[in-house]
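Engineer: Okay, here's the structure, questions in a sec.
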Amino acid sequence: MTKQSKDTAKPFLPIPEPPGPLHREPLPWQAPKPPEEDPDAPLRVQRILASPSYRPAVADVEFLNSYETRPARLELDYLKPELGLQYEGVRNTIVVFGSTRIPEPEAAQRKLQVLKDALEKRPGNQELKRRVRVAERIAAKSRYYDIAREFGRLVGRSGHGPLDCRLVVMTGGGPGMMEAANRGAFDVGAKSVGLNITLPHEQFPNPYITPELCFQFHYFAMRKMHFLLRAKALVVFPGGFGTMDELFETLTLIQTRKISAVPVVLVGEAYWRRAVDFDFLVEEGVIDPEDRELFWYAEDARQIWDGIVWWYESQGESLINGEPLPVVTD
């Protein structure tokens, strides 16, 4: 086959030149009906363009928020984070939960001092006395912030640098214990995930989440699904309703064999034994004795990490699906 010359003459057959985007006759629909044909036509066209029915579905917020489009919203609520996690190479996670109300120790002490100063001026105020007692307890529990932060560092150092997302910390994205875990990963230059939720009062993400791995959900159900889709362990610090929600949902899924078992670590045995009397539940016959083996207690970051690693090694498995992790040292 011979190479065609650049100056090949136009064939004898009448072949038209390819149409270009410019200098073409306008199409009939490119301009509204002119007023000289109907004086009221331009106003009617404007009314049509302004009608909600004319908005494209993807731009019609009222339509997208309707009851009938909920299935589509559920799918999108799942899909956007899923694609984002895939794009960043997130394969396995350790989910960390705990109270948003337990700040770092310095902040807890500052708040306690403010309340004590107020109580000195109003020593008979019973509400201030109650708030001081609560603040003292929060200040005592603020040590868990440091533990969660150190655990985040351990997870962050388990990879091969900031681009290694085979195993990352995942939290609910808020302050308190979740901030601490994200912050620990941030301290060592590792990426971490935050799954925020739309609430009546806006929940700001904590500043230590990797920006491209911070997602905001509308539906709790989709958020919960993403917490467990890649979870290799659940680490639960002292917390309230939200923390217990995630804890018991995970325990229920494991108990009912709906998901494969993963390590569940309750940090702070004294807190959890008083918050939930699991022995009482066994004695009452509402859970089986073996259900107490679905979790264990730990007191510091190294205990948490070593326990999770041992749990997998004892079964001949790995935290990252058969691939060895680097040795994590303090």
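Residue numbering restarts at 1 in every chain; chains get A, B, ... in the order shown in the structure tokens, and ligands count up from 1 in that same order.
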Write out as number ranges by chain all residues of range 59-270 of chain A that DSSP puts in helix (DSSP H, G or I) for this structure's backbone.
Structural biologist: A: 59, 61-64, 67-87, 105-121, 126-141, 143-156, 177-187, 211-213, 220-229, 241-255, 269-270
Engineer: With range 180-185 of chain A as the partner and 12 Å as the cut-off, tabulate the residues of range 63-156 of chain A that qualify, each row holding the nearest pair of atoms and their distance in Å to one decimal, using only C-alpha atoms, sorted by chain and rising number, as a tab-separated table.
Structural biologist:
residue	atom	partner	partner_atom	distance
A:Ile94	CA	A:Ala181	CA	10.1
A:Val95	CA	A:Ala181	CA	9.4
A:Val96	CA	A:Ala181	CA	6.9
A:Phe97	CA	A:Ala181	CA	8.9
A:Gly98	CA	A:Ala180	CA	9.8
A:Ser99	CA	A:Ala180	CA	10.7
A:Thr100	CA	A:Ala180	CA	10.0
A:Arg101	CA	A:Ala180	CA	11.9
A:Ile102	CA	A:Ala180	CA	9.9
A:Pro103	CA	A:Ala180	CA	8.5
A:Glu104	CA	A:Ala180	CA	7.9
A:Pro105	CA	A:Ala180	CA	11.2
A:Ser142	CA	A:Ala180	CA	10.5
A:Arg143	CA	A:Ala180	CA	10.8
A:Tyr144	CA	A:Ala180	CA	8.8
A:Tyr145	CA	A:Ala180	CA	5.6
A:Asp146	CA	A:Ala180	CA	7.1
A:Ile147	CA	A:Ala180	CA	8.2
A:Ala148	CA	A:Ala181	CA	5.0
A:Arg149	CA	A:Gly184	CA	4.3
A:Glu150	CA	A:Gly184	CA	5.7
A:Phe151	CA	A:Ala181	CA	6.6
A:Gly152	CA	A:Gly184	CA	4.1
A:Arg153	CA	A:Gly184	CA	4.4
A:Leu154	CA	A:Ala185	CA	7.8
A:Val155	CA	A:Ala185	CA	7.0
A:Gly156	CA	A:Ala185	CA	4.7
Engineer: Give me the residues near Val45 in chain A as a ChimeraX atom specification, where near means some atom within 9 Å (using only C-alpha atoms) and where sequence neighbours in that chain fewer than 4 positions away do not count.
Structural biologist: /A:32-33,40-41,49-50
Engineer: Can you write just those residues out, C-alpha atoms, as a compact mmCIF listing (two decimals), in the first residue's frame?
Structural biologist:
# COMPACT_ATOMS: atom_id res chain seq x y z
CA PRO A 32 -37.31 32.20 20.38
CA LYS A 33 -40.34 33.07 18.34
CA ASP A 40 -46.81 37.91 23.51
CA ALA A 41 -44.46 35.07 22.44
CA LEU A 49 -38.09 28.65 30.84
CA ALA A 50 -38.80 29.66 34.45
Engineer: For CA of Ile197 in chain A and CA of Glu82 in chain A, quote the distance in Å rounded to one decimal.
Structural biologist: 15.4 Å
Engineer: Would you please work out which residue, of A:Leu294, A:Met222, A:Val276, A:Leu281, is nearest to Pro263 in chain A when using only C-alpha atoms?
Structural biologist: A:Leu294
